[in-house]
Amino acid sequence: MKKNYLVIVAFLIPAMSLLVVFKIYPILLGVYDSLFTYSFVNKETVFAGLSNYSAILKDASFLNSLKVTILFSLIVNPMQVVLSFGLSLLLMVKLPGRSLFRTVHLIPITVSFTIACTLWGVFLNQDQGLMNSILNLFGISNQPFLNSSRQALPWIMVIASWKGLGYWALFFITGLEEIPDTLYEAAEIDGAGYWNRLWHITLPQMKRTFNFVVVSDTISNFILFVPAYVLTGGGPEGTTDFLMYRIYRTAYKYSDVNQASAMIVLLLVLLTLIIGVESYLLRERE
Amino acid sequence: MKKGFACILILCMVLTLCACGQSSQVAAPATQGPADGDGQAAAAGKTLNVLVVSDLEPLEPVFQEYAVASGIEIKMESIPYAEIFDTIEVRLGAGEDTVDVLVADAPLVANYAAKNYLGSMSPYLSDASLGRITEASLAGGTVGGEVMALPLYSSCVNLYYNKDLFDVAGIAYPGIDPEDRLTWEEVAEMAKMMTYVNENGTQIYGLSFEQIDTPYQLLPLSQSLGATQYISEDQTTVAGYTNSETVAEACKFYYDTFNTWNVSPKIDGSESIGYFAAGQVAMFVGGSWQISAMDNAGMNWGVAPHPYFAGGKAVTPTGSWYMGVSAYSKNQEAASKFVEWLTTDDSACAETYAIMRNLPCNISVLNGIETDAANKGTVAALNVYEAKNTAMARPQMVGYEEWQSVMMETYSDIKNGADPQAALDAAVGEIDSLIAKYQK
C-alpha cells in the first residue's frame, strides 16, 4: 500500500510542480504585489494595504472596462452556447457532404485569434474594406464598423463568435455522441417526437457538457484581449476597452504593476463567483 | 520486475522535474539602480544590443562603421513604431539586460529616467563631444544635471503636396518661402476642392497628416492658437490645460477634416504615406524622412512650410529620437561611448544626415546646411529656418508616456466623430489618475 502511494505521488509530482510554479505561485505573487506600490519620489516599493483596490474601484476607466467586459459576456456567452449547440446538432445530422460542412465550420479554430482579427480588420476597413464594397453594391454607404462607438463592440462580438462557435460545437458533438442510442430508440417507440427527445433526453444527458462549455466560455470571454489589442486599442471612446486590455496597459504601458495586480485579483474573484453560480445552477441533481 | 520498472519511472520523472525551469517570468519591481559598469574601454569580443525603431534601419551602415573601428559587435534590433513604446516598457520594466542602447522619444527621456530605464552617461562623456551639439538638444536629454540621452537628430514637419493633383484642380502650387506660408483655413479650402472620386472610382482626399492621432503631429495646431501649457506647474493635473478652450478649438479643426469636410481618410498613421505616395492624397503634412518613399513611388511632389492658423503663430513640431543607455546594461561604458560617437561625432552626424535627411543637432552639420548655396530654396534650408524660428518642443513632464497614450486615444476618438471638448474632458480625468503615482 505504501509503495503504491509513493508511485502515485511520484506520478503526480511533475504535473503538480508545473501547476504550482506556473499557476499557484503567480496568483500568490499577484496578490502580494497588489498590496504594495512603488514610490517614484523615494524610489522604493512600499506596503500600500488595500489602497490599490480602493483606487481602482474609484477609477472611472476601470469601471468602464468592467462594464464593457460584463456586457460583452452577458450577450456573447448565451449566444455562443446556444448557437454552438445548435451547430453541433446540425453537424450530427447524417447527410451527404457532412464532412465538408464540418470542415468549413471548424476552419476558424485552425486560425490563430491574432491572424483572424487582422483579417477581419482588413475586411472591415472603413475606407477600402471588402464589407463596405459589398454594401456599396446594395446602395448602402460606407459604414464605420470598428471606428464607430456604436458598432465596434457588436462587431467584436461577431468576430469572437465566429471564432468560437466551431470550437465549442466540438465539445457538444463529443457530448452528443456519448448519449446511448437506446434512449432515443425507446423514446421513439413511446411516440416521442424530435423536440420531446431533445428536451427530455438530449439536454439532461448533456448537462455536464453544458457545464463545461458555459464555464469555459465565461472564462475565455472575461479574459478577452486580442481584438482590443489588434483592432481597436480599446476604443472608440472606450467601448471596447476590455478588462484584460486595461490590465495589460496598466502593467506594461503605464508601468504600474502593483495596480495591475490588484485588477487581476479582482477579476479572479469576480470570475470565481460567476463560475460558482453557473456551476451551482448546472449541477447534477439526483 | 515491476519494482524495477517503477523505480526507473520514478527516476525519469525526477530527472524531468529537475530539467524544468523553476523561476517564473515575473517582472521585477522597478527599484533597481543602474548596473555596475565594467570600467574598461570597449574591447574586441564585446556585443552591444541596440534597440531602435524601424525608421532607423537605414542607419545600419553607420552602426557597422563603429563596429569595425572599435571591434565591438553592434546588433540592431528594430521594432515598428506602433510597438516601440510598449516594447521598451515591457523589456526595461522587467529589468532585462538584453538591451544596451535604446531609442527614447524626446519627451519621454524624463519619464524613462524616473522609471530607472536609463543610466547616466555623464561619467563617460567628454565636454568636447557635448559641445558639438546644440544646447537645446543637449538640455532635452539632461535630467537632474545628468546626461541620460543624446539626440540622434531633430525633426521638422512640412506640407508636401502632389503637383499632379494640384494641376488637375487648377490650383497654384504653394511657395516654399516661409513668407508665403499658408494658413490652415486656406489649406482646408484647397483640400475641399481636391476631395473627389476620380474617373477610376478612386477616392481622392485633399489632406492627410502623417502621424495621425499623435501629439507630435497635432500639438502645433493648438500651439499655433496660443496654447503653451498642457500640465500644471507642479505636474499634478492636466485639467484646465490639456482640455482648455484653445486645445478644444484646435481639435475641432482636426475633427472637421475627418467628419465635417471629409477631406482626410480615416486611416492609421502607418497607412498615411502609402496613401500619399499612391496619389490618393493631395496635401500631406509630414516629415522629410518620407521623401525617399515619395521618390521611390515616382511622385511629382512639392514642399511648402507647415501651415498655421490665421491670427496665430507659425509653430512646427520638433525633437526626435534620442539614444540612451539602459540602466540594466552590463556594458555601460562601451554603450555610452557608442552613443557619444553616434550622436556627437561630426562625420557620424554628417552620415546620419545624408541618410535620414532629418534636421541634425550637430552644430557643424547644421552650419554646413545653412551655408551651402545648393540648399537655397530646398526643404533642407526650410527645416533649418523652422528649427531656428518656429520649432516648439512637446511638453516636458514625468508622466508624458501616460499623457501621450491617453491623448492618442482621444485624438482617435475625435477623428472617429467624438465631440472634441467632451473627449478632452474625459481624457484629463484619466490622465490625472494615471500621473498621480509620480507624486507618491
# chains A, B, ... in the order shown; residues from 1 in each chain; ligands from 1

call {"tool": "interface_residues", "arguments": {"of": "chain A", "to": "chain B", "cutoff": "9 Å", "atoms": "only C-alpha atoms", "output": "MDAnalysis selection string"}}
result
chainID A and resid 7 10:11 13:14 17:18 21:22 25:26 29 33 37:45 55 59:61 125:127 144 147:149 233:238 249:258

call {"tool": "write_last_selection", "arguments": {"atoms": "N, CA and C atoms", "output": "CSV table (one decimal), in the first residue's frame"}}
result
chain,number,residue,atom,x,y,z
A,7,VAL,N,4.3,5.6,-5.6
A,7,VAL,CA,4.3,5.6,-7.0
A,7,VAL,C,3.2,6.7,-7.5
A,10,ALA,N,4.6,10.1,-7.0
A,10,ALA,CA,5.7,10.3,-8.0
A,10,ALA,C,5.1,10.7,-9.3
A,11,PHE,N,4.0,10.0,-9.7
A,11,PHE,CA,3.4,10.4,-11.0
A,11,PHE,C,2.8,11.8,-11.0
A,13,ILE,N,3.8,14.3,-9.0
A,13,ILE,CA,4.7,15.5,-8.7
A,13,ILE,C,5.0,16.3,-10.0
A,14,PRO,N,5.3,15.8,-11.1
A,14,PRO,CA,5.6,16.7,-12.3
A,14,PRO,C,4.5,17.7,-12.6
A,17,SER,N,3.9,20.1,-9.8
A,17,SER,CA,5.0,21.1,-9.7
A,17,SER,C,4.8,22.2,-10.8
A,18,LEU,N,4.4,21.8,-12.0
A,18,LEU,CA,4.2,22.8,-13.0
A,18,LEU,C,3.0,23.7,-12.6
A,21,VAL,N,4.2,26.1,-10.0
A,21,VAL,CA,5.1,27.1,-10.5
A,21,VAL,C,4.5,28.1,-11.4
A,22,PHE,N,3.6,27.6,-12.3
A,22,PHE,CA,3.1,28.5,-13.4
A,22,PHE,C,1.7,28.9,-13.1
A,25,TYR,N,1.8,29.9,-7.9
A,25,TYR,CA,2.8,30.9,-7.4
A,25,TYR,C,2.5,32.3,-8.1
A,26,PRO,N,2.3,32.4,-9.4
A,26,PRO,CA,1.9,33.7,-9.9
A,26,PRO,C,0.7,34.3,-9.3
A,29,LEU,N,1.8,35.6,-6.0
A,29,LEU,CA,2.7,36.7,-6.2
A,29,LEU,C,1.9,38.0,-6.6
A,33,ASP,N,1.8,41.4,-4.8
A,33,ASP,CA,2.2,42.7,-5.5
A,33,ASP,C,1.0,43.7,-5.3
A,37,THR,N,3.0,49.3,-3.5
A,37,THR,CA,3.0,50.3,-4.5
A,37,THR,C,4.5,50.8,-4.6
A,38,TYR,N,4.8,51.3,-5.8
A,38,TYR,CA,6.2,51.9,-6.0
A,38,TYR,C,6.1,53.4,-5.8
A,39,SER,N,7.0,53.9,-5.0
A,39,SER,CA,7.1,55.3,-4.8
A,39,SER,C,8.1,55.9,-5.7
A,40,PHE,N,7.7,56.8,-6.7
A,40,PHE,CA,8.6,57.4,-7.6
A,40,PHE,C,9.4,58.5,-6.9
A,41,VAL,N,8.9,59.0,-5.8
A,41,VAL,CA,9.5,60.1,-5.0
A,41,VAL,C,10.7,59.5,-4.3
A,42,ASN,N,10.5,58.4,-3.5
A,42,ASN,CA,11.5,57.7,-2.7
A,42,ASN,C,12.3,56.6,-3.4
A,43,LYS,N,11.8,56.3,-4.6
A,43,LYS,CA,12.4,55.2,-5.5
A,43,LYS,C,12.5,53.9,-4.7
A,44,GLU,N,11.3,53.5,-4.0
A,44,GLU,CA,11.3,52.3,-3.3
A,44,GLU,C,9.9,51.7,-3.4
A,45,THR,N,9.7,50.4,-3.2
A,45,THR,CA,8.4,49.8,-3.1
A,45,THR,C,8.0,49.8,-1.7
A,55,ALA,N,-8.3,52.5,-5.0
A,55,ALA,CA,-8.1,53.4,-6.2
A,55,ALA,C,-8.7,52.9,-7.4
A,59,ASP,N,-11.8,54.4,-9.9
A,59,ASP,CA,-11.3,54.8,-11.2
A,59,ASP,C,-12.4,54.6,-12.3
A,60,ALA,N,-12.8,55.7,-12.9
A,60,ALA,CA,-13.9,55.6,-14.0
A,60,ALA,C,-13.5,54.7,-15.1
A,61,SER,N,-12.2,54.8,-15.5
A,61,SER,CA,-11.7,53.9,-16.6
A,61,SER,C,-11.8,52.5,-16.3
A,125,ASN,N,-12.3,47.3,-43.0
A,125,ASN,CA,-11.7,48.6,-43.1
A,125,ASN,C,-12.7,49.6,-43.7
A,126,GLN,N,-12.8,50.7,-43.1
A,126,GLN,CA,-13.9,51.6,-43.4
A,126,GLN,C,-13.7,52.2,-44.8
A,127,ASP,N,-12.5,52.4,-45.2
A,127,ASP,CA,-12.2,53.0,-46.5
A,127,ASP,C,-12.1,52.1,-47.6
A,144,PRO,N,-18.8,52.8,-40.7
A,144,PRO,CA,-17.5,52.9,-39.9
A,144,PRO,C,-17.0,51.6,-39.2
A,147,ASN,N,-14.6,51.7,-36.3
A,147,ASN,CA,-14.4,53.1,-36.0
A,147,ASN,C,-15.6,53.8,-35.4
A,148,SER,N,-16.6,53.1,-35.2
A,148,SER,CA,-17.9,53.7,-34.6
A,148,SER,C,-18.0,53.2,-33.2
A,149,SER,N,-18.4,54.1,-32.3
A,149,SER,CA,-18.6,53.7,-30.9
A,149,SER,C,-19.8,52.9,-30.7
A,233,GLY,N,-7.7,49.1,-30.0
A,233,GLY,CA,-7.0,49.9,-29.0
A,233,GLY,C,-7.9,50.3,-27.8
A,234,GLY,N,-9.0,49.6,-27.6
A,234,GLY,CA,-9.9,49.9,-26.5
A,234,GLY,C,-11.0,50.9,-26.9
A,235,GLY,N,-10.8,51.5,-28.1
A,235,GLY,CA,-11.8,52.5,-28.5
A,235,GLY,C,-12.8,51.9,-29.5
A,236,PRO,N,-13.6,52.7,-30.1
A,236,PRO,CA,-13.7,54.2,-29.9
A,236,PRO,C,-14.3,54.6,-28.6
A,237,GLU,N,-13.8,55.6,-28.0
A,237,GLU,CA,-14.4,56.1,-26.8
A,237,GLU,C,-14.5,55.0,-25.7
A,238,GLY,N,-13.6,54.1,-25.6
A,238,GLY,CA,-13.6,53.1,-24.5
A,238,GLY,C,-14.7,52.1,-24.7
A,249,ARG,N,-2.4,47.3,-20.3
A,249,ARG,CA,-1.9,48.7,-20.4
A,249,ARG,C,-1.4,49.2,-19.0
A,250,THR,N,-2.1,49.0,-18.0
A,250,THR,CA,-1.7,49.4,-16.7
A,250,THR,C,-0.3,48.9,-16.3
A,251,ALA,N,-0.1,47.6,-16.6
A,251,ALA,CA,1.2,47.0,-16.2
A,251,ALA,C,2.3,47.4,-17.1
A,252,TYR,N,2.0,47.4,-18.5
A,252,TYR,CA,3.2,47.5,-19.4
A,252,TYR,C,3.3,48.8,-20.2
A,253,LYS,N,2.2,49.6,-20.1
A,253,LYS,CA,2.3,50.9,-20.8
A,253,LYS,C,2.5,52.0,-19.7
A,254,TYR,N,1.8,51.8,-18.6
A,254,TYR,CA,1.8,52.8,-17.5
A,254,TYR,C,2.7,52.4,-16.4
A,255,SER,N,3.4,51.2,-16.5
A,255,SER,CA,4.4,50.8,-15.5
A,255,SER,C,3.8,50.7,-14.1
A,256,ASP,N,2.6,50.3,-13.9
A,256,ASP,CA,2.0,50.2,-12.6
A,256,ASP,C,1.6,48.8,-12.4
A,257,VAL,N,2.7,47.9,-12.1
A,257,VAL,CA,2.4,46.5,-12.0
A,257,VAL,C,1.6,46.2,-10.8
A,258,ASN,N,1.8,47.0,-9.7
A,258,ASN,CA,1.0,46.8,-8.5
A,258,ASN,C,-0.5,47.0,-8.7

call {"tool": "select_by_dssp", "arguments": {"residues": "range 185-352 of chain B", "states": "alpha helix (DSSP H)", "output": "ChimeraX atom specification"}}
result
/B:185-193,215-224,245-255,269-277,291-296,332-344,346-352

call {"tool": "residues_around", "arguments": {"residues": "Met283 in chain B", "least_positions_apart": "6", "cutoff": "7 Å", "atoms": "only C-alpha atoms", "output": "list in words"}}
result
Leu159, Tyr160, Tyr161, Asn162, Gly206, Leu207 and Ser208 of chain B

call {"tool": "residues_around", "arguments": {"residues": "Ala227 in chain B", "least_positions_apart": "5", "cutoff": "10 Å", "atoms": "only C-alpha atoms", "output": "list of chain:residue names"}}
result
B:Leu219, B:Pro220, B:Leu221, B:Ser222, B:Tyr241, B:Thr242, B:Ser244, B:Glu245, B:Thr246, B:Val247, B:Ala250

call {"tool": "closest_residue", "arguments": {"among": "A:Ala192, A:Val265, A:Val215, A:Met157", "to": "Leu281 in chain A", "atoms": "only C-alpha atoms"}}
result
A:Val215

call {"tool": "closest_residue", "arguments": {"among": "B:Ser326, B:Phe276, B:Met76, B:Glu340", "to": "Val99 in chain B", "atoms": "only C-alpha atoms"}}
result
B:Ser326

call {"tool": "closest_residue", "arguments": {"among": "B:Ile176, B:Ser336, B:Tyr117, B:Asn262", "to": "Lys376 in chain B", "atoms": "only C-alpha atoms"}}
result
B:Ile176

call {"tool": "residues_around", "arguments": {"residues": "range 268-270 of chain B", "least_positions_apart": "3", "cutoff": "7 Å", "atoms": "only C-alpha atoms", "output": "MDAnalysis selection string"}}
result
chainID B and resid 210:212

call {"tool": "atom_distance", "arguments": {"atom1": "CA of Tyr229 in chain A", "atom2": "CA of Lys58 in chain A"}}
result
24.5 Å

call {"tool": "residues_around", "arguments": {"residues": "Asp127 in chain B", "least_positions_apart": "6", "cutoff": "12 Å", "atoms": "only C-alpha atoms", "output": "JSON, numbers by chain"}}
result
{"B": [133, 138, 147, 340, 344]}

call {"tool": "residues_around", "arguments": {"residues": "range 77-87 of chain A", "least_positions_apart": "4", "cutoff": "8 Å", "atoms": "only C-alpha atoms", "output": "list in words"}}
result
Ser73, Leu91, Ser161, Gly164, Leu165, Gly166, Trp168, Ala169, Phe172, Val213, Val214, Asp217, Thr218 and Asn221 of chain A

call {"tool": "select_by_dssp", "arguments": {"residues": "range 286-394 of chain B", "states": "strand (DSSP E)", "output": "PyMOL selection string"}}
result
chain B and resi 286-287+301-304+321-326

call {"tool": "write_last_selection", "arguments": {"atoms": "N, CA and C atoms", "output": "PDB file, in the first residue's frame"}}
result
ATOM      1  N   GLY B 286       3.808  66.115 -43.253  1.00  0.00           N
ATOM      2  CA  GLY B 286       4.691  65.057 -42.767  1.00  0.00           C
ATOM      3  C   GLY B 286       6.132  65.487 -42.710  1.00  0.00           C
ATOM      4  N   GLY B 287       6.980  64.517 -42.428  1.00  0.00           N
ATOM      5  CA  GLY B 287       8.396  64.800 -42.224  1.00  0.00           C
ATOM      6  C   GLY B 287       9.247  64.514 -43.456  1.00  0.00           C
ATOM      7  N   TRP B 301       6.237  65.671 -56.523  1.00  0.00           N
ATOM      8  CA  TRP B 301       5.853  66.328 -55.285  1.00  0.00           C
ATOM      9  C   TRP B 301       6.540  67.674 -55.112  1.00  0.00           C
ATOM     10  N   GLY B 302       5.919  68.492 -54.282  1.00  0.00           N
ATOM     11  CA  GLY B 302       6.500  69.774 -53.909  1.00  0.00           C
ATOM     12  C   GLY B 302       6.401  69.908 -52.399  1.00  0.00           C
ATOM     13  N   VAL B 303       7.052  70.959 -51.854  1.00  0.00           N
ATOM     14  CA  VAL B 303       7.042  71.146 -50.403  1.00  0.00           C
ATOM     15  C   VAL B 303       6.815  72.616 -50.069  1.00  0.00           C
ATOM     16  N   ALA B 304       6.093  72.829 -48.999  1.00  0.00           N
ATOM     17  CA  ALA B 304       5.788  74.188 -48.532  1.00  0.00           C
ATOM     18  C   ALA B 304       5.918  74.201 -47.011  1.00  0.00           C
ATOM     19  N   TRP B 321      14.241  61.311 -32.020  1.00  0.00           N
ATOM     20  CA  TRP B 321      14.758  60.197 -31.239  1.00  0.00           C
ATOM     21  C   TRP B 321      16.067  60.546 -30.542  1.00  0.00           C
ATOM     22  N   TYR B 322      16.113  60.210 -29.282  1.00  0.00           N
ATOM     23  CA  TYR B 322      17.345  60.279 -28.516  1.00  0.00           C
ATOM     24  C   TYR B 322      17.862  58.843 -28.352  1.00  0.00           C
ATOM     25  N   MET B 323      19.150  58.739 -28.067  1.00  0.00           N
ATOM     26  CA  MET B 323      19.741  57.422 -27.799  1.00  0.00           C
ATOM     27  C   MET B 323      20.251  57.424 -26.362  1.00  0.00           C
ATOM     28  N   GLY B 324      19.857  56.408 -25.624  1.00  0.00           N
ATOM     29  CA  GLY B 324      20.297  56.319 -24.236  1.00  0.00           C
ATOM     30  C   GLY B 324      20.839  54.935 -23.941  1.00  0.00           C
ATOM     31  N   VAL B 325      21.440  54.795 -22.787  1.00  0.00           N
ATOM     32  CA  VAL B 325      21.988  53.510 -22.341  1.00  0.00           C
ATOM     33  C   VAL B 325      21.075  52.925 -21.273  1.00  0.00           C
ATOM     34  N   SER B 326      20.717  51.673 -21.441  1.00  0.00           N
ATOM     35  CA  SER B 326      19.849  51.025 -20.465  1.00  0.00           C
ATOM     36  C   SER B 326      20.534  50.948 -19.101  1.00  0.00           C
TER      37      SER B 326
END

call {"tool": "atom_distance", "arguments": {"atom1": "CA of Phe225 in chain A", "atom2": "CA of Met244 in chain A"}}
result
5.6 Å

call {"tool": "atom_distance", "arguments": {"atom1": "CA of Ile72 in chain B", "atom2": "CA of Asp105 in chain B"}}
result
25.6 Å

call {"tool": "closest_residue", "arguments": {"among": "B:Glu146, B:Asp213, B:Asp432, B:Asp164", "to": "Met407 in chain B", "atoms": "only C-alpha atoms"}}
result
B:Asp213

call {"tool": "closest_residue", "arguments": {"among": "B:Val52, B:Val406, B:Ala373, B:Leu382", "to": "Thr316 in chain B", "atoms": "only C-alpha atoms"}}
result
B:Leu382

call {"tool": "decode", "arguments": {"residues": "range 162-181 of chain B", "atoms": "C-alpha atoms", "output": "PDB file, in the first residue's frame"}}
result
ATOM      1  CA  ASN B 162       1.060  66.211 -55.089  1.00  0.00           C
ATOM      2  CA  LYS B 163       1.694  68.510 -58.061  1.00  0.00           C
ATOM      3  CA  ASP B 164      -0.356  66.347 -60.434  1.00  0.00           C
ATOM      4  CA  LEU B 165      -3.469  66.631 -58.261  1.00  0.00           C
ATOM      5  CA  PHE B 166      -2.910  70.385 -57.961  1.00  0.00           C
ATOM      6  CA  ASP B 167      -2.731  70.555 -61.767  1.00  0.00           C
ATOM      7  CA  VAL B 168      -5.981  68.613 -62.125  1.00  0.00           C
ATOM      8  CA  ALA B 169      -7.710  71.019 -59.713  1.00  0.00           C
ATOM      9  CA  GLY B 170      -6.108  74.036 -61.346  1.00  0.00           C
ATOM     10  CA  ILE B 171      -4.656  75.280 -58.066  1.00  0.00           C
ATOM     11  CA  ALA B 172      -1.320  77.096 -57.983  1.00  0.00           C
ATOM     12  CA  TYR B 173       1.488  75.390 -56.089  1.00  0.00           C
ATOM     13  CA  PRO B 174       2.170  76.850 -52.609  1.00  0.00           C
ATOM     14  CA  GLY B 175       5.586  78.523 -52.286  1.00  0.00           C
ATOM     15  CA  ILE B 176       8.459  77.198 -50.183  1.00  0.00           C
ATOM     16  CA  ASP B 177       9.343  80.623 -48.801  1.00  0.00           C
ATOM     17  CA  PRO B 178       8.218  80.943 -45.144  1.00  0.00           C
ATOM     18  CA  GLU B 179       6.831  84.359 -46.100  1.00  0.00           C
ATOM     19  CA  ASP B 180       4.314  82.526 -48.303  1.00  0.00           C
ATOM     20  CA  ARG B 181       3.224  80.169 -45.507  1.00  0.00           C
TER      21      ARG B 181
END
